[in-house]
Amino acid sequence: MLTDFGFHDPFVGIMKGVMLSIAPKAQIVDLCHAVPPQDVRTGAFHLRVSVPYFPKGSLFVVVVDPGVGSARKILWARTAKHQFLGPDNGVLSWIGEPVLEMREVSNAKLFLEKVSHTFHGRDIFAPVAGHLAKGKAPAFLGPKCKPAWEIEFPQVKKAGGAVSGEILNFDRFGNAVTNIPREEVGKDADIVFGASDLGKICTTYAGKDSGEVMAIIGSSGYVELAVRDGNFKDHFKASAGDKVESRS
Amino acid sequence: MLTDFGFHDPFVGIMKGVMLSIAPKAQIVDLCHAVPPQDVRTGAFHLRVSVPYFPKGSLFVVVVDPGVGSARKILWARTAKHQFLGPDNGVLSWIGEPVLEMREVSNAKLFLEKVSHTFHGRDIFAPVAGHLAKGKAPAFLGPKCKPAWEIEFPQVKKAGGAVSGEILNFDRFGNAVTNIPREEVGKDADIVFGASDLGKICTTYAGKDSGEVMAIIGSSGYVELAVRDGNFKDHFKASAGDKVESRS
Amino acid sequence: MLTDFGFHDPFVGIMKGVMLSIAPKAQIVDLCHAVPPQDVRTGAFHLRVSVPYFPKGSLFVVVVDPGVGSARKILWARTAKHQFLGPDNGVLSWIGEPVLEMREVSNAKLFLEKVSHTFHGRDIFAPVAGHLAKGKAPAFLGPKCKPAWEIEFPQVKKAGGAVSGEILNFDRFGNAVTNIPREEVGKDADIVFGASDLGKICTTYAGKDSGEVMAIIGSSGYVELAVRDGNFKDHFKASAGDKVESRS
């Protein structure tokens with residue numbers, strides 16, 4: 001389960017109740033419920049960096065769904081290794097595995113009897129996930145389809161030895177995750193954020209003293225900006241979309 | 001599990017350790033742990049809107065318990081579909097299912113050997129839940145009883161075409177959940193909060209532009225007040241108990 | 001699982017994906033993920049008060065690891081009742097059970113193929129935990145060893161009828177947990193914090209009126225300082241390390 005529901009309300013718990021009512025032996029894993037509200041791009045990024053680590057056959061139930069109750073479709077997708085259930089808003093665009101089959105989830109027989117306008121997680125996603133977990137054939141979900149919405153992963157730009165990227169999101173510690181992949185950073189390149197030169201990529205956080213700014217290759221393989229023992233986001237009042245450069 | 005323990009401490013994890021020590025195969029679901037500290041009414045409401053979605057036979061372990069360590073009783077209740085374990089403070093008052101059997105949980109043989117004054121979740125609720133999950137007959141819990149405390153669900157008042165209700169609580173997004181049920185709102189009624197007329201009920205969040213105030217039927221079937229892409233609670237500095245009207 | 005990862009990111013979920021990829025039937029319990037970032041002492045304390053409540057055979061996977069990516073070792077330890085996996089930084093120092101066997105986790109065949117410098121939780125701890133859960137013999141982990149780092153539990157000091165201790169950490173409600181064990185507080189002793197005399201130990205929170213300061217024996221058997229229906233930490237701007245005395 002990947003949602004923007006947070007932990008304040010019983011929404012996630014209710015979804016689990018519905019899933020387990022249908023598939024009592026399903027094993028449910030919370031991937032993350034702290035996607036910023038309606039932030040489809042962060043949801044898509046979390047999915048991108050998590051999918052490779054999940055068992056073959058896992059079903060990802062993704063509810064980051066600003067269009068809930070509108071006419072947006074709900075999609076089911078299958079790759080060689082995983083399955084996905086999510087709204088047709090681009091949140092499934094960056095899964096990083098070729099989609100072998102995609103269907104529009106439209107068979108209301110698999111939904112709860114009463115479908116609200118505001119909580120499709122409970123009324124559609126959860127029961128459909130339960131039926132899939134219990135072995136229902138995907139053909140029952142609805143007709144094959146193509147996604148109506150796709151979002152593009154922001155690619156870096158290269159010019160004259162420099163690689164230009166941007167901040168995608170921030171982790172709990174306030175570290176900034178960028179879209180600059182490890183492979184694009186030259187051995188002797190400096191990472192530059194605004195007027196600050198963060199120096200060369202450090203191998204570990206121990207590469208700088210407490211309070212110093214630094215760049216590191218994050219666990220997902222992208223350049224991250226950090227303040228040793230501090231909070232980069234707060235320190236620089238940084239935002240998603242802010243430019244970051246690697247200069248050789 | 002429904003508690004006000006939050007996630008800051010290992011309290012919930014410890015309760016699970018105790019339950020699994022007794023019933024190693026129990027399937028434990030976190031319904032919600034973010035009930036505001038000691039807020040029995042919000043706990044009761046979360047329970048009310050969640051219970052119908054859980055599998056037959058589920059045991060709800062409810063620890064919202066300002067009276068922990070005092071002489072308040074602990075109750076076990078059974079309905080046709082579910083079981084409940086909770087303090088006798090009204091938190092089980094709104095479950096919405098007729099109680100067929102209620103017992104006072106008083107058999108100390110089912111508790112941990114040492115019972116603290118401050119953490120009955122660990123020392124009483126968890127081991128009793130473990131024993132029940134493992135199939136212990138409810139008669140072992142203690143004698144049949146009636147609840148000493150009940151809280152009344154706040155009913156709306158009707159006068160001259162207007163329906164008067166109040167805000168019950170707020171969800172993660174700052175939306176205000178009221179006690180006005182869908183059925184009480186006339187087709188052409190306007191929802192009014194203080195000096196603000198929120199207009200007619202919208203079918204979806206997409207019914208208003210970003211930043212506009214709106215009323216919607218929430219997923220639990222009650223009127224909710226929202227700011228599209230915003231936070232109603234912060235915007236109006238609203239509180240639980242604030243009056244809300246539906247005017248035809 | 002006990003970590004300082006919080007809930008903002010998919011880190012915990014990814015670790016579960018890795019564990020379940022190796023040991024699909026493992027039962028994973030979240031002990032706590034809200035250890036303050038890199039706070040080894042609070043992690044060690046949470047472990048100390050939780051371990052006794054977990055089933056025999058449980059494996060505690062502890063990732064509070066400021067030295068991730070440095071040369072610090074990773075340890076596996078076994079007691080008569082439990083197993084532990086954690087960095088060699090003292091976080092396993094207070095488990096309260098005699099260690100019967102300890103090994104350095106160094107067999108890279110049990111790790112993920114690519115090991116990052118920043119997320120050993122995913123790349124080392126989770127797969128090793130998965131292999132252990134699936135029954136891999138500990139001898140495969142690496143050679144027997146001793147811990148390089150141990151931290152001492154802060155002991156109280158006694159002089160002239162007074163027992164001097166300190167605040168260790170704060171729970172969700174802002175209650176201060178101290179290192180003064182129940183046994184060290186005389187029947188007629190007053191608990192003193194700075195210039196405030198909190199009076200004698202109360203048996204329950206109901207022992208004082210709303211807003212009054214109070215001392216109580218917490219659920220772990222240590223003196224705790226509280227404000228009835230309030231927040232001790234905020235009220236006194238208290239910090240870990242602040243002195244607390246029991247005066248007879």
# chains A, B, ... in the order shown; residues from 1 in each chain; ligands from 1
$ calpha_fit_and_write --fixed "chain A" --moving "chain B" --output "mmCIF file with C-alpha atoms, in the first residue's frame"
data_model
loop_
_atom_site.group_PDB
_atom_site.id
_atom_site.type_symbol
_atom_site.label_atom_id
_atom_site.label_comp_id
_atom_site.auth_asym_id
_atom_site.auth_seq_id
_atom_site.Cartn_x
_atom_site.Cartn_y
_atom_site.Cartn_z
ATOM 1 C CA MET B 1 0.001 0.000 0.006
ATOM 2 C CA LEU B 2 1.272 3.412 -1.011
ATOM 3 C CA THR B 3 -1.027 6.322 -0.160
ATOM 4 C CA ASP B 4 -1.191 9.954 0.880
ATOM 5 C CA PHE B 5 -3.577 9.130 3.735
ATOM 6 C CA GLY B 6 -1.108 9.681 6.547
ATOM 7 C CA PHE B 7 -1.683 8.203 9.991
ATOM 8 C CA HIS B 8 -4.086 10.698 11.512
ATOM 9 C CA ASP B 9 -7.237 8.879 10.427
ATOM 10 C CA PRO B 10 -8.396 5.264 10.248
ATOM 11 C CA PHE B 11 -8.424 5.320 6.414
ATOM 12 C CA VAL B 12 -5.540 2.884 5.928
ATOM 13 C CA GLY B 13 -6.888 0.586 8.640
ATOM 14 C CA ILE B 14 -10.325 0.544 7.037
ATOM 15 C CA MET B 15 -8.809 -0.388 3.669
ATOM 16 C CA LYS B 16 -7.073 -3.306 5.369
ATOM 17 C CA GLY B 17 -10.360 -4.362 6.926
ATOM 18 C CA VAL B 18 -11.950 -4.488 3.486
ATOM 19 C CA MET B 19 -9.051 -6.387 1.924
ATOM 20 C CA LEU B 20 -8.956 -8.952 4.720
ATOM 21 C CA SER B 21 -12.727 -9.390 4.570
ATOM 22 C CA ILE B 22 -12.232 -10.715 1.045
ATOM 23 C CA ALA B 23 -8.750 -12.263 1.297
ATOM 24 C CA PRO B 24 -8.279 -13.231 4.960
ATOM 25 C CA LYS B 25 -4.769 -14.542 4.432
ATOM 26 C CA ALA B 26 -3.407 -11.647 2.420
ATOM 27 C CA GLN B 27 -0.122 -10.283 3.681
ATOM 28 C CA ILE B 28 -0.359 -6.507 3.605
ATOM 29 C CA VAL B 29 2.740 -4.291 3.705
ATOM 30 C CA ASP B 30 2.695 -0.543 4.310
ATOM 31 C CA LEU B 31 5.098 0.861 1.757
ATOM 32 C CA CYS B 32 4.469 4.477 2.723
ATOM 33 C CA HIS B 33 1.405 6.514 3.676
ATOM 34 C CA ALA B 34 3.141 9.862 3.973
ATOM 35 C CA VAL B 35 3.151 10.918 0.350
ATOM 36 C CA PRO B 36 2.362 14.644 0.579
ATOM 37 C CA PRO B 37 -1.398 15.114 -0.024
ATOM 38 C CA GLN B 38 -2.208 14.676 -3.727
ATOM 39 C CA ASP B 39 1.476 14.765 -4.698
ATOM 40 C CA VAL B 40 1.371 12.348 -7.622
ATOM 41 C CA ARG B 41 5.025 12.918 -8.534
ATOM 42 C CA THR B 42 6.363 12.002 -5.091
ATOM 43 C CA GLY B 43 4.095 8.963 -5.089
ATOM 44 C CA ALA B 44 5.467 7.952 -8.476
ATOM 45 C CA PHE B 45 9.037 8.424 -7.249
ATOM 46 C CA HIS B 46 8.508 6.392 -4.064
ATOM 47 C CA LEU B 47 7.103 3.627 -6.229
ATOM 48 C CA ARG B 48 10.042 3.814 -8.649
ATOM 49 C CA VAL B 49 12.650 3.313 -5.928
ATOM 50 C CA SER B 50 10.684 0.628 -4.048
ATOM 51 C CA VAL B 51 9.343 -1.708 -6.711
ATOM 52 C CA PRO B 52 12.599 -3.581 -7.396
ATOM 53 C CA TYR B 53 12.819 -4.683 -3.760
ATOM 54 C CA PHE B 54 9.445 -6.402 -3.531
ATOM 55 C CA PRO B 55 8.740 -10.097 -4.047
ATOM 56 C CA LYS B 56 7.624 -11.420 -7.383
ATOM 57 C CA GLY B 57 3.852 -11.342 -7.588
ATOM 58 C CA SER B 58 3.404 -8.426 -5.169
ATOM 59 C CA LEU B 59 0.457 -6.154 -5.892
ATOM 60 C CA PHE B 60 1.113 -2.453 -5.312
ATOM 61 C CA VAL B 61 -2.058 -0.634 -4.278
ATOM 62 C CA VAL B 62 -1.414 3.041 -4.937
ATOM 63 C CA VAL B 63 -3.910 5.616 -3.729
ATOM 64 C CA VAL B 64 -2.596 9.096 -4.437
ATOM 65 C CA ASP B 65 -5.692 10.288 -6.155
ATOM 66 C CA PRO B 66 -6.592 13.980 -6.362
ATOM 67 C CA GLY B 67 -9.225 13.113 -8.952
ATOM 68 C CA VAL B 68 -11.177 10.742 -6.704
ATOM 69 C CA GLY B 69 -14.848 10.891 -7.596
ATOM 70 C CA SER B 70 -14.206 12.439 -11.017
ATOM 71 C CA ALA B 71 -14.251 10.537 -14.288
ATOM 72 C CA ARG B 72 -10.576 9.520 -14.069
ATOM 73 C CA LYS B 73 -10.113 5.810 -14.635
ATOM 74 C CA ILE B 74 -8.554 3.281 -12.307
ATOM 75 C CA LEU B 75 -5.840 1.117 -13.822
ATOM 76 C CA TRP B 76 -4.481 -2.326 -13.177
ATOM 77 C CA ALA B 77 -1.104 -3.127 -14.713
ATOM 78 C CA ARG B 78 1.040 -6.205 -14.819
ATOM 79 C CA THR B 79 4.767 -6.456 -15.498
ATOM 80 C CA ALA B 80 6.890 -9.599 -15.594
ATOM 81 C CA LYS B 81 7.369 -9.385 -11.838
ATOM 82 C CA HIS B 82 4.695 -7.228 -10.213
ATOM 83 C CA GLN B 83 1.127 -5.968 -10.350
ATOM 84 C CA PHE B 84 -0.131 -2.438 -9.791
ATOM 85 C CA LEU B 85 -3.451 -0.843 -8.981
ATOM 86 C CA GLY B 86 -3.695 2.939 -9.162
ATOM 87 C CA PRO B 87 -5.572 5.916 -10.533
ATOM 88 C CA ASP B 88 -4.954 6.961 -14.121
ATOM 89 C CA ASN B 89 -3.103 10.144 -13.200
ATOM 90 C CA GLY B 90 0.503 9.260 -13.926
ATOM 91 C CA VAL B 91 1.352 7.793 -10.532
ATOM 92 C CA LEU B 92 2.218 4.507 -12.269
ATOM 93 C CA SER B 93 4.382 6.193 -14.921
ATOM 94 C CA TRP B 94 7.800 5.611 -13.324
ATOM 95 C CA ILE B 95 7.595 1.995 -12.174
ATOM 96 C CA GLY B 96 10.614 1.138 -14.267
ATOM 97 C CA GLU B 97 9.325 -2.190 -15.561
ATOM 98 C CA PRO B 98 7.729 -2.818 -18.960
ATOM 99 C CA VAL B 99 3.955 -3.142 -18.660
ATOM 100 C CA LEU B 100 2.786 -6.379 -20.262
ATOM 101 C CA GLU B 101 -0.921 -5.900 -19.666
ATOM 102 C CA MET B 102 -3.058 -3.001 -18.550
ATOM 103 C CA ARG B 103 -6.787 -2.976 -17.791
ATOM 104 C CA GLU B 104 -9.342 -0.418 -16.799
ATOM 105 C CA VAL B 105 -10.850 -1.400 -13.470
ATOM 106 C CA SER B 106 -14.528 -1.032 -14.250
ATOM 107 C CA ASN B 107 -16.330 -4.159 -13.077
ATOM 108 C CA ALA B 108 -18.498 -2.823 -10.261
ATOM 109 C CA LYS B 109 -19.229 -6.347 -9.071
ATOM 110 C CA LEU B 110 -15.788 -6.279 -7.515
ATOM 111 C CA PHE B 111 -16.421 -3.004 -5.669
ATOM 112 C CA LEU B 112 -18.216 -2.455 -2.381
ATOM 113 C CA GLU B 113 -21.946 -2.254 -2.829
ATOM 114 C CA LYS B 114 -22.071 1.479 -2.120
ATOM 115 C CA VAL B 115 -19.285 3.491 -3.710
ATOM 116 C CA SER B 116 -18.690 6.925 -2.162
ATOM 117 C CA HIS B 117 -17.389 9.891 -4.116
ATOM 118 C CA THR B 118 -14.479 10.539 -1.787
ATOM 119 C CA PHE B 119 -13.024 7.243 -0.600
ATOM 120 C CA HIS B 120 -12.373 4.932 -3.533
ATOM 121 C CA GLY B 121 -9.488 3.488 -1.511
ATOM 122 C CA ARG B 122 -12.067 1.767 0.656
ATOM 123 C CA ASP B 123 -14.816 1.236 -1.895
ATOM 124 C CA ILE B 124 -12.873 0.250 -5.039
ATOM 125 C CA PHE B 125 -9.119 -0.177 -4.554
ATOM 126 C CA ALA B 126 -9.326 -2.317 -1.405
ATOM 127 C CA PRO B 127 -11.998 -4.776 -2.549
ATOM 128 C CA VAL B 128 -10.385 -5.127 -5.984
ATOM 129 C CA ALA B 129 -7.022 -5.755 -4.303
ATOM 130 C CA GLY B 130 -8.710 -8.330 -2.080
ATOM 131 C CA HIS B 131 -10.186 -10.142 -5.065
ATOM 132 C CA LEU B 132 -6.836 -10.126 -6.872
ATOM 133 C CA ALA B 133 -5.062 -11.398 -3.748
ATOM 134 C CA LYS B 134 -7.590 -14.194 -3.578
ATOM 135 C CA GLY B 135 -6.786 -15.207 -7.122
ATOM 136 C CA LYS B 136 -9.453 -13.519 -9.251
ATOM 137 C CA ALA B 137 -8.335 -13.445 -12.876
ATOM 138 C CA PRO B 138 -7.443 -9.944 -14.100
ATOM 139 C CA ALA B 139 -9.791 -10.351 -17.058
ATOM 140 C CA PHE B 140 -12.653 -9.809 -14.609
ATOM 141 C CA LEU B 141 -11.420 -6.300 -13.794
ATOM 142 C CA GLY B 142 -12.421 -4.716 -17.077
ATOM 143 C CA PRO B 143 -11.237 -4.216 -20.661
ATOM 144 C CA LYS B 144 -7.644 -3.762 -21.731
ATOM 145 C CA CYS B 145 -6.668 -0.126 -22.040
ATOM 146 C CA LYS B 146 -3.894 2.432 -22.312
ATOM 147 C CA PRO B 147 -3.218 5.066 -19.688
ATOM 148 C CA ALA B 148 -4.774 8.455 -20.410
ATOM 149 C CA TRP B 149 -2.226 10.307 -18.316
ATOM 150 C CA GLU B 150 1.479 9.798 -18.128
ATOM 151 C CA ILE B 151 4.048 11.967 -16.433
ATOM 152 C CA GLU B 152 7.590 12.205 -17.649
ATOM 153 C CA PHE B 153 10.501 11.631 -15.341
ATOM 154 C CA PRO B 154 12.421 14.928 -15.292
ATOM 155 C CA GLN B 155 15.644 14.300 -17.200
ATOM 156 C CA VAL B 156 18.846 16.182 -16.522
ATOM 157 C CA LYS B 157 20.245 18.565 -19.148
ATOM 158 C CA LYS B 158 23.857 18.533 -20.216
ATOM 159 C CA ALA B 159 25.837 21.444 -21.586
ATOM 160 C CA GLY B 160 29.567 22.183 -21.601
ATOM 161 C CA GLY B 161 30.568 19.665 -18.958
ATOM 162 C CA ALA B 162 27.773 20.687 -16.607
ATOM 163 C CA VAL B 163 24.782 18.513 -15.757
ATOM 164 C CA SER B 164 21.660 20.419 -14.715
ATOM 165 C CA GLY B 165 19.026 18.778 -12.586
ATOM 166 C CA GLU B 166 16.559 19.616 -9.865
ATOM 167 C CA ILE B 167 15.372 18.653 -6.401
ATOM 168 C CA LEU B 168 12.614 16.035 -6.563
ATOM 169 C CA ASN B 169 11.677 15.675 -2.916
ATOM 170 C CA PHE B 170 13.029 15.548 0.631
ATOM 171 C CA ASP B 171 13.448 12.651 2.994
ATOM 172 C CA ARG B 172 12.653 12.636 6.703
ATOM 173 C CA PHE B 173 16.026 14.105 7.587
ATOM 174 C CA GLY B 174 15.558 17.033 5.225
ATOM 175 C CA ASN B 175 18.020 15.630 2.702
ATOM 176 C CA ALA B 176 17.178 16.719 -0.861
ATOM 177 C CA VAL B 177 16.777 13.938 -3.415
ATOM 178 C CA THR B 178 17.654 15.118 -6.945
ATOM 179 C CA ASN B 179 17.107 13.658 -10.395
ATOM 180 C CA ILE B 180 20.845 13.505 -11.173
ATOM 181 C CA PRO B 181 21.820 9.855 -11.440
ATOM 182 C CA ARG B 182 25.133 8.605 -10.151
ATOM 183 C CA GLU B 183 26.280 7.835 -13.664
ATOM 184 C CA GLU B 184 26.039 11.463 -14.781
ATOM 185 C CA VAL B 185 28.418 12.849 -12.176
ATOM 186 C CA GLY B 186 32.051 13.017 -13.259
ATOM 187 C CA LYS B 187 34.725 11.912 -10.828
ATOM 188 C CA ASP B 188 36.003 15.429 -10.278
ATOM 189 C CA ALA B 189 32.693 17.253 -10.541
ATOM 190 C CA ASP B 190 31.513 19.684 -7.885
ATOM 191 C CA ILE B 191 27.853 19.760 -6.917
ATOM 192 C CA VAL B 192 26.456 23.283 -6.878
ATOM 193 C CA PHE B 193 23.195 24.458 -5.328
ATOM 194 C CA GLY B 194 22.370 28.107 -5.881
ATOM 195 C CA ALA B 195 25.375 30.065 -4.647
ATOM 196 C CA SER B 196 26.730 27.126 -2.641
ATOM 197 C CA ASP B 197 29.413 24.785 -3.910
ATOM 198 C CA LEU B 198 28.956 21.546 -2.001
ATOM 199 C CA GLY B 199 32.198 20.089 -3.297
ATOM 200 C CA LYS B 200 32.736 16.615 -4.613
ATOM 201 C CA ILE B 201 30.460 13.687 -3.891
ATOM 202 C CA CYS B 202 31.238 12.174 -0.479
ATOM 203 C CA THR B 203 31.190 8.430 -0.045
ATOM 204 C CA THR B 204 29.547 8.545 3.388
ATOM 205 C CA TYR B 205 28.048 11.118 5.717
ATOM 206 C CA ALA B 206 31.258 10.847 7.724
ATOM 207 C CA GLY B 207 33.030 12.594 4.830
ATOM 208 C CA LYS B 208 32.187 16.021 6.232
ATOM 209 C CA ASP B 209 32.155 17.593 9.686
ATOM 210 C CA SER B 210 28.977 18.242 11.605
ATOM 211 C CA GLY B 211 27.078 21.196 10.160
ATOM 212 C CA GLU B 212 28.847 21.147 6.774
ATOM 213 C CA VAL B 213 26.885 20.887 3.536
ATOM 214 C CA MET B 214 27.598 17.892 1.365
ATOM 215 C CA ALA B 215 26.515 15.860 -1.644
ATOM 216 C CA ILE B 216 26.226 12.120 -1.558
ATOM 217 C CA ILE B 217 24.840 9.354 -3.757
ATOM 218 C CA GLY B 218 21.561 8.441 -2.113
ATOM 219 C CA SER B 219 20.309 4.937 -1.652
ATOM 220 C CA SER B 220 18.268 5.131 -4.859
ATOM 221 C CA GLY B 221 21.290 6.000 -6.968
ATOM 222 C CA TYR B 222 20.601 9.732 -7.291
ATOM 223 C CA VAL B 223 22.609 12.665 -5.974
ATOM 224 C CA GLU B 224 21.342 13.870 -2.597
ATOM 225 C CA LEU B 225 22.154 17.119 -0.842
ATOM 226 C CA ALA B 226 22.560 17.097 2.910
ATOM 227 C CA VAL B 227 23.816 19.011 5.897
ATOM 228 C CA ARG B 228 25.846 16.669 8.105
ATOM 229 C CA ASP B 229 23.802 16.133 11.292
ATOM 230 C CA GLY B 230 21.469 18.877 10.050
ATOM 231 C CA ASN B 231 18.511 19.561 7.776
ATOM 232 C CA PHE B 232 19.276 20.690 4.221
ATOM 233 C CA LYS B 233 15.696 21.661 3.441
ATOM 234 C CA ASP B 234 15.352 23.990 6.416
ATOM 235 C CA HIS B 235 18.902 25.312 6.159
ATOM 236 C CA PHE B 236 18.439 26.510 2.581
ATOM 237 C CA LYS B 237 14.637 26.894 2.603
ATOM 238 C CA ALA B 238 14.854 24.596 -0.411
ATOM 239 C CA SER B 239 11.868 23.420 -2.460
ATOM 240 C CA ALA B 240 11.133 20.683 -4.970
ATOM 241 C CA GLY B 241 12.060 21.996 -8.419
ATOM 242 C CA ASP B 242 15.077 23.997 -7.203
ATOM 243 C CA LYS B 243 17.990 23.664 -9.633
ATOM 244 C CA VAL B 244 21.082 21.606 -8.845
ATOM 245 C CA GLU B 245 24.202 21.360 -11.021
ATOM 246 C CA SER B 246 27.120 19.033 -11.338
ATOM 247 C CA ARG B 247 30.095 20.983 -12.741
ATOM 248 C CA SER B 248 33.240 19.306 -13.958
#
$ select_by_dssp --residues "stretch 45-153 of chain A" --states "helix (DSSP H, G or I)" --output "ChimeraX atom specification"
/A:45-53,108-110,120-133,138-140
$ select_by_dssp --residues "stretch 46-176 of chain C" --states "strand (DSSP E or B)" --output "tab-separated table (two decimals) with N, CA and C atoms, in the first residue's frame"
chain	number	residue	atom	x	y	z
C	59	LEU	N	13.58	-12.02	16.41
C	59	LEU	CA	14.80	-11.35	15.97
C	59	LEU	C	14.53	-9.85	15.94
C	60	PHE	N	15.27	-9.09	16.72
C	60	PHE	CA	15.15	-7.63	16.71
C	60	PHE	C	16.11	-7.05	15.66
C	61	VAL	N	15.56	-6.35	14.70
C	61	VAL	CA	16.38	-5.72	13.66
C	61	VAL	C	16.44	-4.23	13.99
C	62	VAL	N	17.62	-3.78	14.41
C	62	VAL	CA	17.76	-2.44	14.96
C	62	VAL	C	18.62	-1.60	14.02
C	63	VAL	N	17.99	-0.59	13.42
C	63	VAL	CA	18.75	0.27	12.52
C	63	VAL	C	18.70	1.71	13.01
C	74	ILE	N	28.68	-4.62	11.85
C	74	ILE	CA	27.29	-4.97	12.14
C	74	ILE	C	27.32	-6.25	12.96
C	75	LEU	N	26.53	-6.28	14.03
C	75	LEU	CA	26.58	-7.39	14.97
C	75	LEU	C	25.29	-8.21	14.93
C	76	TRP	N	25.45	-9.49	15.15
C	76	TRP	CA	24.32	-10.36	15.45
C	76	TRP	C	24.58	-10.93	16.84
C	77	ALA	N	23.58	-10.94	17.69
C	77	ALA	CA	23.75	-11.47	19.05
C	77	ALA	C	22.59	-12.39	19.37
C	78	ARG	N	22.87	-13.37	20.20
C	78	ARG	CA	21.84	-14.31	20.61
C	78	ARG	C	21.86	-14.40	22.13
C	83	GLN	N	17.07	-12.92	19.51
C	83	GLN	CA	18.19	-12.60	18.64
C	83	GLN	C	18.15	-11.11	18.31
C	84	PHE	N	19.31	-10.58	17.98
C	84	PHE	CA	19.44	-9.15	17.70
C	84	PHE	C	20.36	-8.94	16.51
C	85	LEU	N	20.00	-7.95	15.71
C	85	LEU	CA	20.85	-7.54	14.60
C	85	LEU	C	20.96	-6.02	14.71
C	86	GLY	N	22.17	-5.49	14.77
C	86	GLY	CA	22.29	-4.04	14.92
C	86	GLY	C	23.70	-3.59	14.67
C	87	PRO	N	23.88	-2.28	14.45
C	87	PRO	CA	25.24	-1.76	14.25
C	87	PRO	C	26.03	-1.82	15.56
C	101	GLU	N	26.05	-15.58	22.40
C	101	GLU	CA	26.85	-15.71	21.18
C	101	GLU	C	26.75	-14.39	20.42
C	102	MET	N	27.88	-13.92	19.93
C	102	MET	CA	27.86	-12.70	19.11
C	102	MET	C	28.74	-12.92	17.89
C	103	ARG	N	28.25	-12.45	16.75
C	103	ARG	CA	29.01	-12.59	15.51
C	103	ARG	C	29.04	-11.28	14.75
C	104	GLU	N	30.15	-11.10	14.03
C	104	GLU	CA	30.23	-9.98	13.10
C	104	GLU	C	29.55	-10.40	11.80
C	144	LYS	N	32.79	-15.15	15.16
C	144	LYS	CA	32.42	-14.68	16.49
C	144	LYS	C	33.22	-13.44	16.81
C	157	LYS	N	22.99	8.34	41.33
C	157	LYS	CA	23.97	8.52	42.41
C	157	LYS	C	23.22	8.74	43.71
C	158	LYS	N	23.78	8.17	44.78
C	158	LYS	CA	23.11	8.30	46.07
C	158	LYS	C	24.02	9.03	47.04
C	159	ALA	N	23.44	9.97	47.78
C	159	ALA	CA	24.22	10.69	48.79
C	159	ALA	C	23.25	11.28	49.80
C	162	ALA	N	19.45	11.26	49.38
C	162	ALA	CA	18.96	11.71	48.08
C	162	ALA	C	19.47	10.77	46.98
C	163	VAL	N	18.64	10.59	45.99
C	163	VAL	CA	19.02	9.80	44.82
C	163	VAL	C	18.98	10.72	43.61
C	164	SER	N	20.13	10.87	42.94
C	164	SER	CA	20.23	11.78	41.81
C	164	SER	C	20.18	11.03	40.50
C	165	GLY	N	19.29	11.45	39.63
C	165	GLY	CA	19.21	10.82	38.31
C	165	GLY	C	19.05	11.88	37.24
C	166	GLU	N	18.56	11.45	36.09
C	166	GLU	CA	18.42	12.40	34.99
C	166	GLU	C	17.27	11.97	34.08
C	167	ILE	N	16.84	12.90	33.24
C	167	ILE	CA	15.83	12.58	32.22
C	167	ILE	C	16.51	11.83	31.09
C	168	LEU	N	15.91	10.71	30.69
C	168	LEU	CA	16.46	9.93	29.58
C	168	LEU	C	15.82	10.31	28.24
C	169	ASN	N	14.51	10.41	28.24
C	169	ASN	CA	13.80	10.75	27.01
C	169	ASN	C	12.36	11.09	27.36
C	170	PHE	N	11.57	11.43	26.33
C	170	PHE	CA	10.20	11.86	26.54
C	170	PHE	C	9.27	10.98	25.70
C	176	ALA	N	8.36	12.90	30.98
C	176	ALA	CA	9.81	12.67	31.01
C	176	ALA	C	10.11	11.33	31.67
$ decode --residues "stretch 121-132 of chain A" --atoms "C-alpha atoms" --output "mmCIF file, in the first residue's frame"
data_model
loop_
_atom_site.group_PDB
_atom_site.id
_atom_site.type_symbol
_atom_site.label_atom_id
_atom_site.label_comp_id
_atom_site.auth_asym_id
_atom_site.auth_seq_id
_atom_site.Cartn_x
_atom_site.Cartn_y
_atom_site.Cartn_z
ATOM 1 C CA GLY A 121 -9.492 3.488 -1.526
ATOM 2 C CA ARG A 122 -12.069 1.759 0.654
ATOM 3 C CA ASP A 123 -14.823 1.236 -1.888
ATOM 4 C CA ILE A 124 -12.875 0.250 -5.039
ATOM 5 C CA PHE A 125 -9.118 -0.176 -4.537
ATOM 6 C CA ALA A 126 -9.310 -2.305 -1.394
ATOM 7 C CA PRO A 127 -11.990 -4.783 -2.539
ATOM 8 C CA VAL A 128 -10.389 -5.129 -5.976
ATOM 9 C CA ALA A 129 -7.013 -5.760 -4.307
ATOM 10 C CA GLY A 130 -8.693 -8.331 -2.070
ATOM 11 C CA HIS A 131 -10.175 -10.139 -5.059
ATOM 12 C CA LEU A 132 -6.829 -10.133 -6.875
#
